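Colleague: This is the structure I want to talk about, given as structure tokens.
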Amino acid sequence: MTSLLDATALSVMDVLRGERETRPIANTTAASGLRAQLEDGIFAILGPTRRDEPLTIRSSSLRVSERVLDLSSSLLAQVRGLLVTQALRLLSVGLEVENPFDEALLAWRADVGSNELTSYVDQLESDEWARLATDVTAHCVTLKRSLGPLPSRWLPRTSLRAHQRLGGGGVVLRDVIDLMVGTTTSDDASVALLDVTTSPLSEGAERVMRYHALVQTLRTSTVPLRTSMFSTATGELWSTDVDDELLSRAVGDVLETLRTMTAAP
Amino acid sequence: MTPLTHRRLSRHVLNRLIDDAPHDSLVLTDDHRRSLTARFRAVTSSDHRRLDAWMVERAGQPYDPFRWSPASARRVVGNAALRRSLHEPALTRFDAVALELSDQLLRATAGYARPGSLASWLARSSPSVVGLVSCEAANWATQLGEAAQGLEHSWSVAASDAYYDVARARTTLRGRRDLIVPKGLSRVLLRVRAGAPGKSAGPGLRADLTIDALAEPTGLAASRVIGLWPEAGVVLSVDGTMDDLRAGARDLVRTAVAQQRYRLARAA
């Protein structure tokens, strides 16, 4: 299922939860098969030799782009993404976010303390600062307008990390899911995953959605109901139900990324 | 020492680990406590020493001073919220988190919060920071609740961590525990951890096992300690055998020695 939202259609949460009656039975058996596929594929690529440093695959590794990125704008984009994620977290607990930039910045600083990115933000010129504030506010307005109500009984969890070691520790799959609703303990599949991005959605977004579903399946041994991605740049939502074919393609994506990483000089 | 059991996290695995926990319960005697005291007293310290499993895992390396943050507050608030939602089933975990935070803020307003406590930090924080604490605590409570929900045994959320003050050695030991599953005369402890287990995860669990037994007035050790790493989907466990208890005590003393060496090196 792929849904495209405009300003007045279904909210993101409506699409994420879908119809209760149509939910399939939770698949708790697929994880071991997927893990075996991955282990076999990794062995075929890396061989029996043990690596000193593990190869780490993140969702960003799957957003392959031929573009050469300007590093300074990339840092600004990273900060923008982090602040929009913080705003999503605040919205998920029902907080009225009046000044998204200020509130997200406060929350982010309390969360991480000080690091390279906070120092970078501190050193921004006033015009860059104003541009960042305007940018974050614009993205948050789109997010707030599209997200829809998020009842607490849906168990919303935000910024959920996952860390899977494969190939005897030679490969690590890392992931962060911006928003997850539903539970892994019910008989029906009810877990829906949402990734919020400040970039427009592209082909890479589909790979990222599949990757989230795969890592979540490996982590909890339960296949999620659906995986989605929302762009605060365009207001577009892509959402797809998770099935065996999607998970197999995700395994293929991971192995292909690994092949590219090992082939790189 | 029993080998460290490593499994993929699933509800069946957790139940099996609890079912298979050893039935024999070991007791730490006064002799054991006296012996531990003598070893800690041999490691001089000018300040009061506080040791826990995390320090054992880091082999006593120096660390940044503690500061409250949404991540460091999540366990305290999340466990309290889960406990509250068990007593008041009508509450969702989110509502329970909100009530716990209100209680903390009320304590600060009433003047009962001491400086440096969670309540006073929350009272000084902006609503957005409190909102983020609420997110983190809800994540924690949901994660722990989901792990506990699949258990076929009765369980409870630990009312507090285990603390043991080593007599005349200016040392306090703190053992973390999140869920307690009664089993026969003894109990199985469950600990939830962030990230993925490292090579020193086993010594960390053994330290928790030993501290928990020391904090128990009767000295009765838990029959098994299970560590849950939900982010990695991994479960590790150690048994409450005398060898494991001894190894836990030894690691705690070694950590105190390592800390003292780092302190002396810094002073030199």
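All residue names refer to the structure tokens as shown: chains lettered A, B, ... in order, residues numbered from 1 in each chain, ligands numbered from 1 in order.
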Mind listing as a list of chain:residue names which residues of chain B are within 8 Å of chain A, counting only C-alpha atoms?

Modeller: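 Close enough to count are B:Leu9, B:Ser10, B:Ser69, B:Pro70, B:Ala71, B:Thr92, B:Arg93, B:Phe94, B:Asp95, B:Ser126, B:Ser128, B:Val129, B:Gly131, B:Leu132, B:Ser134, B:Cys135, B:Glu136, B:Ala138, B:Asn139, B:Thr142, B:Glu146, B:Gln149, B:Gly150, B:Gly195, B:Ala196, B:Pro230, B:Glu231, B:Ala232, B:Gly233.
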
Colleague: With N, CA and C atoms retained, could you export that selection as an mmCIF file, in the first residue's frame?

Modeller:
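As written to disk, out.cif reads:
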data_model
loop_
_atom_site.group_PDB
_atom_site.id
_atom_site.type_symbol
_atom_site.label_atom_id
_atom_site.label_comp_id
_atom_site.auth_asym_id
_atom_site.auth_seq_id
_atom_site.Cartn_x
_atom_site.Cartn_y
_atom_site.Cartn_z
ATOM 1 N N LEU B 9 16.799 -12.352 22.253
ATOM 2 C CA LEU B 9 15.668 -12.006 23.120
ATOM 3 C C LEU B 9 14.335 -12.394 22.475
ATOM 4 N N SER B 10 13.586 -13.232 23.186
ATOM 5 C CA SER B 10 12.190 -13.504 22.821
ATOM 6 C C SER B 10 11.511 -13.946 24.106
ATOM 7 N N SER B 69 20.063 14.103 32.866
ATOM 8 C CA SER B 69 19.685 14.348 31.473
ATOM 9 C C SER B 69 18.458 13.471 31.226
ATOM 10 N N PRO B 70 17.746 13.681 30.112
ATOM 11 C CA PRO B 70 16.602 12.804 29.849
ATOM 12 C C PRO B 70 17.006 11.327 29.853
ATOM 13 N N ALA B 71 18.213 11.030 29.352
ATOM 14 C CA ALA B 71 18.650 9.625 29.306
ATOM 15 C C ALA B 71 18.933 9.077 30.698
ATOM 16 N N THR B 92 -2.653 4.336 31.415
ATOM 17 C CA THR B 92 -1.720 3.905 30.371
ATOM 18 C C THR B 92 -0.315 4.217 30.892
ATOM 19 N N ARG B 93 0.700 3.646 30.258
ATOM 20 C CA ARG B 93 2.072 3.897 30.735
ATOM 21 C C ARG B 93 2.429 5.359 30.576
ATOM 22 N N PHE B 94 1.863 5.995 29.561
ATOM 23 C CA PHE B 94 2.123 7.424 29.350
ATOM 24 C C PHE B 94 1.540 8.255 30.489
ATOM 25 N N ASP B 95 0.294 7.903 30.882
ATOM 26 C CA ASP B 95 -0.343 8.632 31.987
ATOM 27 C C ASP B 95 0.463 8.421 33.263
ATOM 28 N N SER B 126 13.157 23.369 31.535
ATOM 29 C CA SER B 126 12.051 23.943 30.758
ATOM 30 C C SER B 126 11.030 22.850 30.438
ATOM 31 N N SER B 128 10.017 21.804 27.679
ATOM 32 C CA SER B 128 10.424 20.926 26.580
ATOM 33 C C SER B 128 11.390 19.841 27.070
ATOM 34 N N VAL B 129 12.251 20.186 28.043
ATOM 35 C CA VAL B 129 13.166 19.179 28.593
ATOM 36 C C VAL B 129 12.367 18.144 29.392
ATOM 37 N N GLY B 131 9.359 17.373 28.784
ATOM 38 C CA GLY B 131 8.696 16.591 27.734
ATOM 39 C C GLY B 131 9.590 15.493 27.205
ATOM 40 N N LEU B 132 10.860 15.813 27.035
ATOM 41 C CA LEU B 132 11.813 14.821 26.527
ATOM 42 C C LEU B 132 12.057 13.715 27.568
ATOM 43 N N SER B 134 9.863 12.744 29.601
ATOM 44 C CA SER B 134 8.638 11.959 29.507
ATOM 45 C C SER B 134 8.736 10.943 28.346
ATOM 46 N N CYS B 135 9.294 11.391 27.200
ATOM 47 C CA CYS B 135 9.486 10.484 26.038
ATOM 48 C C CYS B 135 10.396 9.322 26.409
ATOM 49 N N GLU B 136 11.532 9.664 27.006
ATOM 50 C CA GLU B 136 12.534 8.635 27.342
ATOM 51 C C GLU B 136 11.959 7.644 28.350
ATOM 52 N N ALA B 138 8.821 6.970 28.889
ATOM 53 C CA ALA B 138 7.768 6.157 28.258
ATOM 54 C C ALA B 138 8.407 5.041 27.422
ATOM 55 N N ASN B 139 9.483 5.362 26.716
ATOM 56 C CA ASN B 139 10.211 4.326 25.956
ATOM 57 C C ASN B 139 10.654 3.212 26.897
ATOM 58 N N THR B 142 7.701 1.181 28.413
ATOM 59 C CA THR B 142 7.078 0.313 27.410
ATOM 60 C C THR B 142 7.970 -0.889 27.121
ATOM 61 N N GLU B 146 6.891 -4.584 27.994
ATOM 62 C CA GLU B 146 6.742 -5.607 26.949
ATOM 63 C C GLU B 146 7.535 -6.863 27.306
ATOM 64 N N GLN B 149 5.569 -8.509 30.204
ATOM 65 C CA GLN B 149 4.229 -8.985 29.843
ATOM 66 C C GLN B 149 4.246 -10.437 29.360
ATOM 67 N N GLY B 150 5.329 -10.842 28.726
ATOM 68 C CA GLY B 150 5.409 -12.202 28.195
ATOM 69 C C GLY B 150 5.835 -13.230 29.233
ATOM 70 N N GLY B 195 21.945 -0.057 24.522
ATOM 71 C CA GLY B 195 23.058 -0.415 23.638
ATOM 72 C C GLY B 195 23.184 -1.908 23.430
ATOM 73 N N ALA B 196 24.412 -2.335 23.222
ATOM 74 C CA ALA B 196 24.686 -3.758 22.990
ATOM 75 C C ALA B 196 25.695 -4.228 24.033
ATOM 76 N N PRO B 230 17.507 -4.733 24.962
ATOM 77 C CA PRO B 230 16.444 -4.720 23.937
ATOM 78 C C PRO B 230 16.900 -4.099 22.617
ATOM 79 N N GLU B 231 17.814 -3.122 22.657
ATOM 80 C CA GLU B 231 18.275 -2.488 21.409
ATOM 81 C C GLU B 231 19.013 -3.499 20.530
ATOM 82 N N ALA B 232 19.703 -4.430 21.175
ATOM 83 C CA ALA B 232 20.434 -5.443 20.422
ATOM 84 C C ALA B 232 19.624 -6.729 20.286
ATOM 85 N N GLY B 233 18.512 -6.834 21.017
ATOM 86 C CA GLY B 233 17.703 -8.051 20.997
ATOM 87 C C GLY B 233 18.461 -9.232 21.574
#

Colleague: Give the strand (DSSP E or B) residues of segment 49-192 of chain A, as assigned by DSSP on the backbone, as number ranges by chain.

Modeller: A: 55-57, 157-166, 171-181, 188, 192

Colleague: Write the residues of the selection above to a file with C-alpha atoms, as an mmCIF file, in the first residue's frame.

Modeller:
data_model
loop_
_atom_site.group_PDB
_atom_site.id
_atom_site.type_symbol
_atom_site.label_atom_id
_atom_site.label_comp_id
_atom_site.auth_asym_id
_atom_site.auth_seq_id
_atom_site.Cartn_x
_atom_site.Cartn_y
_atom_site.Cartn_z
ATOM 1 C CA LEU A 55 31.650 -2.704 8.991
ATOM 2 C CA THR A 56 28.766 -0.558 10.213
ATOM 3 C CA ILE A 57 25.659 -0.147 8.097
ATOM 4 C CA ARG A 157 7.977 5.468 21.353
ATOM 5 C CA THR A 158 10.457 7.837 19.791
ATOM 6 C CA SER A 159 14.107 7.668 18.712
ATOM 7 C CA LEU A 160 14.324 3.923 19.267
ATOM 8 C CA ARG A 161 17.799 2.590 18.643
ATOM 9 C CA ALA A 162 18.685 -0.830 17.308
ATOM 10 C CA HIS A 163 22.060 -2.522 17.090
ATOM 11 C CA GLN A 164 22.484 -5.919 15.429
ATOM 12 C CA ARG A 165 25.795 -7.794 15.164
ATOM 13 C CA LEU A 166 26.132 -10.221 12.295
ATOM 14 C CA VAL A 171 29.096 -6.417 10.437
ATOM 15 C CA VAL A 172 26.934 -4.176 12.615
ATOM 16 C CA LEU A 173 23.495 -2.951 11.551
ATOM 17 C CA ARG A 174 22.577 0.251 13.355
ATOM 18 C CA ASP A 175 19.256 2.015 13.158
ATOM 19 C CA VAL A 176 17.179 4.703 14.824
ATOM 20 C CA ILE A 177 13.418 4.723 14.351
ATOM 21 C CA ASP A 178 11.941 8.176 14.825
ATOM 22 C CA LEU A 179 8.493 7.005 15.905
ATOM 23 C CA MET A 180 7.093 3.575 16.620
ATOM 24 C CA VAL A 181 3.499 2.802 17.655
ATOM 25 C CA ASP A 188 -2.032 -9.305 15.622
ATOM 26 C CA ALA A 192 4.063 0.723 12.710
#

Colleague: Work out how far apart atom CA of Tyr211 of chain A and atom CA of Ala250 of chain A are and give it in Å to one decimal.

Modeller: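 The value is 5.5 Å.
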
Colleague: Hey, can you check how far atom CA of Ala53 of chain B sits from atom CA of Leu82 of chain B?

Modeller: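 We find that atom CA of Ala53 of chain B and atom CA of Leu82 of chain B lie 23.3 Å from each other.
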
Colleague: List the neighbours of segment 40-45 of chain A out to 9 Å using only C-alpha atoms; skip same-chain residues closer than 4 positions along the sequence, and give me the result as an NGL selection string.

Modeller: :A and (35-36 or 166-167 or 170-171 or 251-252 or 255 or 258-259 or 262)

Colleague: For each of B:Asp165, B:Asp251, B:Glu216, B:Glu152, take the minimum atom-to-atom distance to Asp19 of chain B, counting only C-alpha atoms, then give the residue where this is smallest.

Modeller: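 Result for the nearest residue to Asp19 of chain B: B:Glu152.
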
Colleague: I'd like the neighbourhood of segment 227-243 of chain A as a PDB file with N, CA and C atoms, in the first residue's frame, where a residue qualifies if any of its atoms comes within 9 Å (using only C-alpha atoms), though same-chain residues fewer than 2 positions away should be ignored.

Modeller:
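What ended up in result01.pdb:
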ATOM      1  N   MET A   1       0.850  -1.188   0.000  1.00  0.00           N
ATOM      2  CA  MET A   1       0.000   0.000   0.000  1.00  0.00           C
ATOM      3  C   MET A   1       0.886   1.238   0.000  1.00  0.00           C
ATOM      4  N   THR A   2       0.665   2.126  -0.923  1.00  0.00           N
ATOM      5  CA  THR A   2       1.415   3.369  -0.927  1.00  0.00           C
ATOM      6  C   THR A   2       0.424   4.515  -0.876  1.00  0.00           C
ATOM      7  N   SER A   3       0.592   5.412   0.065  1.00  0.00           N
ATOM      8  CA  SER A   3      -0.346   6.513   0.201  1.00  0.00           C
ATOM      9  C   SER A   3       0.373   7.821  -0.010  1.00  0.00           C
ATOM     10  N   LEU A   4      -0.292   8.716  -0.612  1.00  0.00           N
ATOM     11  CA  LEU A   4       0.268  10.041  -0.845  1.00  0.00           C
ATOM     12  C   LEU A   4      -0.653  11.032  -0.153  1.00  0.00           C
ATOM     13  N   LEU A   5      -0.096  11.859   0.706  1.00  0.00           N
ATOM     14  CA  LEU A   5      -0.938  12.805   1.438  1.00  0.00           C
ATOM     15  C   LEU A   5      -0.851  14.190   0.837  1.00  0.00           C
ATOM     16  N   ASP A   6      -1.942  14.885   0.819  1.00  0.00           N
ATOM     17  CA  ASP A   6      -1.848  16.317   0.601  1.00  0.00           C
ATOM     18  C   ASP A   6      -2.339  16.974   1.886  1.00  0.00           C
ATOM     19  N   ALA A   7      -2.558  18.264   1.863  1.00  0.00           N
ATOM     20  CA  ALA A   7      -2.800  18.990   3.111  1.00  0.00           C
ATOM     21  C   ALA A   7      -4.039  18.523   3.870  1.00  0.00           C
ATOM     22  N   VAL A  12      -0.982  11.478   9.119  1.00  0.00           N
ATOM     23  CA  VAL A  12       0.069  10.453   9.132  1.00  0.00           C
ATOM     24  C   VAL A  12      -0.333   9.304  10.053  1.00  0.00           C
ATOM     25  N   VAL A  15      -2.897   6.866   8.611  1.00  0.00           N
ATOM     26  CA  VAL A  15      -2.313   5.923   7.644  1.00  0.00           C
ATOM     27  C   VAL A  15      -1.493   4.864   8.376  1.00  0.00           C
ATOM     28  N   LEU A  16      -0.750   5.300   9.385  1.00  0.00           N
ATOM     29  CA  LEU A  16       0.127   4.381  10.119  1.00  0.00           C
ATOM     30  C   LEU A  16      -0.668   3.268  10.800  1.00  0.00           C
ATOM     31  N   VAL A  84      14.164  18.731  14.142  1.00  0.00           N
ATOM     32  CA  VAL A  84      12.812  18.312  13.750  1.00  0.00           C
ATOM     33  C   VAL A  84      12.451  17.003  14.481  1.00  0.00           C
ATOM     34  N   ALA A 138       9.574  25.983   9.721  1.00  0.00           N
ATOM     35  CA  ALA A 138       8.765  25.605   8.547  1.00  0.00           C
ATOM     36  C   ALA A 138       8.549  24.094   8.500  1.00  0.00           C
ATOM     37  N   HIS A 139       9.607  23.332   8.749  1.00  0.00           N
ATOM     38  CA  HIS A 139       9.487  21.863   8.727  1.00  0.00           C
ATOM     39  C   HIS A 139       8.556  21.384   9.837  1.00  0.00           C
ATOM     40  N   CYS A 140       8.668  22.031  11.003  1.00  0.00           N
ATOM     41  CA  CYS A 140       7.842  21.607  12.145  1.00  0.00           C
ATOM     42  C   CYS A 140       6.365  21.930  11.911  1.00  0.00           C
ATOM     43  N   VAL A 141       6.094  23.033  11.231  1.00  0.00           N
ATOM     44  CA  VAL A 141       4.697  23.389  10.930  1.00  0.00           C
ATOM     45  C   VAL A 141       4.085  22.297  10.046  1.00  0.00           C
ATOM     46  N   THR A 142       4.846  21.860   9.038  1.00  0.00           N
ATOM     47  CA  THR A 142       4.357  20.784   8.154  1.00  0.00           C
ATOM     48  C   THR A 142       4.114  19.511   8.976  1.00  0.00           C
ATOM     49  N   LEU A 143       5.066  19.203   9.866  1.00  0.00           N
ATOM     50  CA  LEU A 143       4.965  17.992  10.682  1.00  0.00           C
ATOM     51  C   LEU A 143       3.727  18.050  11.581  1.00  0.00           C
ATOM     52  N   SER A 146       0.449  17.689   9.746  1.00  0.00           N
ATOM     53  CA  SER A 146       0.177  16.403   9.097  1.00  0.00           C
ATOM     54  C   SER A 146       0.110  15.226  10.063  1.00  0.00           C
ATOM     55  N   VAL A 191       2.702  -3.170  15.054  1.00  0.00           N
ATOM     56  CA  VAL A 191       3.790  -2.187  15.138  1.00  0.00           C
ATOM     57  C   VAL A 191       3.921  -1.431  13.814  1.00  0.00           C
ATOM     58  N   ALA A 192       3.859  -0.113  13.903  1.00  0.00           N
ATOM     59  CA  ALA A 192       4.063   0.723  12.710  1.00  0.00           C
ATOM     60  C   ALA A 192       5.272   1.619  12.956  1.00  0.00           C
ATOM     61  N   LEU A 193       6.129   1.717  11.953  1.00  0.00           N
ATOM     62  CA  LEU A 193       7.374   2.481  12.075  1.00  0.00           C
ATOM     63  C   LEU A 193       7.282   3.736  11.219  1.00  0.00           C
ATOM     64  N   LEU A 194       7.790   4.834  11.735  1.00  0.00           N
ATOM     65  CA  LEU A 194       7.779   6.077  10.965  1.00  0.00           C
ATOM     66  C   LEU A 194       9.160   6.722  11.023  1.00  0.00           C
ATOM     67  N   ASP A 195       9.654   7.060   9.844  1.00  0.00           N
ATOM     68  CA  ASP A 195      10.898   7.812   9.752  1.00  0.00           C
ATOM     69  C   ASP A 195      10.530   9.201   9.239  1.00  0.00           C
ATOM     70  N   VAL A 196      10.954  10.225   9.945  1.00  0.00           N
ATOM     71  CA  VAL A 196      10.685  11.591   9.501  1.00  0.00           C
ATOM     72  C   VAL A 196      11.973  12.156   8.921  1.00  0.00           C
ATOM     73  N   THR A 197      11.897  12.630   7.693  1.00  0.00           N
ATOM     74  CA  THR A 197      13.081  13.187   7.055  1.00  0.00           C
ATOM     75  C   THR A 197      12.806  14.624   6.612  1.00  0.00           C
ATOM     76  N   THR A 198      13.843  15.417   6.599  1.00  0.00           N
ATOM     77  CA  THR A 198      13.672  16.794   6.134  1.00  0.00           C
ATOM     78  C   THR A 198      14.008  16.912   4.648  1.00  0.00           C
ATOM     79  N   SER A 199      14.363  15.791   4.010  1.00  0.00           N
ATOM     80  CA  SER A 199      14.655  15.792   2.569  1.00  0.00           C
ATOM     81  C   SER A 199      13.422  15.322   1.805  1.00  0.00           C
ATOM     82  N   PRO A 200      13.348  15.647   0.514  1.00  0.00           N
ATOM     83  CA  PRO A 200      12.262  15.069  -0.285  1.00  0.00           C
ATOM     84  C   PRO A 200      12.461  13.554  -0.413  1.00  0.00           C
ATOM     85  N   LEU A 201      11.369  12.823  -0.597  1.00  0.00           N
ATOM     86  CA  LEU A 201      11.473  11.362  -0.689  1.00  0.00           C
ATOM     87  C   LEU A 201      11.965  10.952  -2.076  1.00  0.00           C
ATOM     88  N   ALA A 205      14.616   6.373  -0.197  1.00  0.00           N
ATOM     89  CA  ALA A 205      13.665   6.320   0.924  1.00  0.00           C
ATOM     90  C   ALA A 205      13.018   4.942   1.029  1.00  0.00           C
ATOM     91  N   GLU A 206      12.753   4.323  -0.114  1.00  0.00           N
ATOM     92  CA  GLU A 206      12.145   2.986  -0.091  1.00  0.00           C
ATOM     93  C   GLU A 206      13.091   1.978   0.558  1.00  0.00           C
ATOM     94  N   VAL A 208      15.385   2.691   2.728  1.00  0.00           N
ATOM     95  CA  VAL A 208      15.455   2.994   4.170  1.00  0.00           C
ATOM     96  C   VAL A 208      14.242   2.401   4.891  1.00  0.00           C
ATOM     97  N   MET A 209      13.063   2.536   4.282  1.00  0.00           N
ATOM     98  CA  MET A 209      11.854   1.969   4.902  1.00  0.00           C
ATOM     99  C   MET A 209      11.990   0.460   5.075  1.00  0.00           C
ATOM    100  N   ARG A 210      12.537  -0.185   4.042  1.00  0.00           N
ATOM    101  CA  ARG A 210      12.719  -1.649   4.129  1.00  0.00           C
ATOM    102  C   ARG A 210      13.746  -1.996   5.209  1.00  0.00           C
ATOM    103  N   HIS A 212      14.472  -0.300   7.940  1.00  0.00           N
ATOM    104  CA  HIS A 212      13.856  -0.164   9.271  1.00  0.00           C
ATOM    105  C   HIS A 212      13.067  -1.433   9.629  1.00  0.00           C
ATOM    106  N   ALA A 213      12.285  -1.915   8.651  1.00  0.00           N
ATOM    107  CA  ALA A 213      11.453  -3.104   8.909  1.00  0.00           C
ATOM    108  C   ALA A 213      12.334  -4.317   9.202  1.00  0.00           C
ATOM    109  N   VAL A 223       7.653  -9.359  13.106  1.00  0.00           N
ATOM    110  CA  VAL A 223       7.599  -8.529  11.888  1.00  0.00           C
ATOM    111  C   VAL A 223       6.625  -7.375  12.119  1.00  0.00           C
ATOM    112  N   PRO A 224       7.046  -6.125  11.859  1.00  0.00           N
ATOM    113  CA  PRO A 224       6.126  -5.001  12.054  1.00  0.00           C
ATOM    114  C   PRO A 224       4.998  -5.016  11.025  1.00  0.00           C
ATOM    115  N   LEU A 225       3.943  -4.279  11.326  1.00  0.00           N
ATOM    116  CA  LEU A 225       2.789  -4.213  10.421  1.00  0.00           C
ATOM    117  C   LEU A 225       3.122  -3.374   9.194  1.00  0.00           C
ATOM    118  N   GLU A 245       8.240 -10.525   1.062  1.00  0.00           N
ATOM    119  CA  GLU A 245       8.961 -10.031  -0.109  1.00  0.00           C
ATOM    120  C   GLU A 245       9.747  -8.769   0.240  1.00  0.00           C
ATOM    121  N   LEU A 246       9.105  -7.881   0.987  1.00  0.00           N
ATOM    122  CA  LEU A 246       9.771  -6.632   1.374  1.00  0.00           C
ATOM    123  C   LEU A 246      11.011  -6.917   2.234  1.00  0.00           C
ATOM    124  N   LEU A 247      10.862  -7.888   3.143  1.00  0.00           N
ATOM    125  CA  LEU A 247      11.994  -8.206   4.020  1.00  0.00           C
ATOM    126  C   LEU A 247      13.136  -8.863   3.232  1.00  0.00           C
ATOM    127  N   SER A 248      12.773  -9.700   2.255  1.00  0.00           N
ATOM    128  CA  SER A 248      13.814 -10.322   1.419  1.00  0.00           C
ATOM    129  C   SER A 248      14.559  -9.260   0.617  1.00  0.00           C
TER     130      SER A 248
END

Colleague: Between B:Ala123, B:Ala73, B:Met55, B:Leu28, which is the closest to Gly175 of chain B once you count only C-alpha atoms?

Modeller: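 Among B:Ala123, B:Ala73, B:Met55, B:Leu28, it is B:Met55 that comes nearest to Gly175 of chain B.
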
Colleague: Quick one, how far is atom CA of Ala133 of chain A from atom CA of Arg145 of chain A?

Modeller: 18.2 Å

Colleague: For a quick check of understanding, using only C-alpha atoms, which of B:His6, B:Val43, B:Leu14, B:Pro115 has the smallest distance to Gly198 of chain B?

Modeller: B:His6

Colleague: For a quick check of understanding, using only C-alpha atoms, which of B:Ala98, B:Val188, B:Leu51, B:Ala137 has the smallest distance to Leu252 of chain B?

Modeller: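 Looking only at the distances to Leu252 of chain B, the closest residue turns out to be B:Leu51.
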
Colleague: Restricting the calculation to only C-alpha atoms: of B:Thr172, B:Asn79, B:Thr210, B:Ser125, which residue gets closest to Glu100 of chain B?

Modeller: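 Ranked by minimum distance to Glu100 of chain B, first place goes to B:Asn79.
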
Colleague: Identify, with DSSP run on backbone atoms, the residues in segment 47-247 of chain A assigned to helix (DSSP H, G or I), and express the list as number ranges by chain.

Modeller: A: 59-62, 71-92, 100-112, 116-122, 126-147, 152-154, 167-169, 203-220, 244-247

Colleague: Measuring between only C-alpha atoms, which one of B:Asp244, B:Leu209, B:Ala167, B:Ala249 shows the shortest distance to Arg34 of chain B?

Modeller: B:Ala167

Colleague: Find the spatial neighbours of Glu128 of chain A, counting only C-alpha atoms, within a cut-off of 12 Å - ignore same-chain residues fewer than 6 positions away - and output them as a PyMOL selection string.

Modeller: chain A and resi 72-73+76-77+80+120-122+134-135
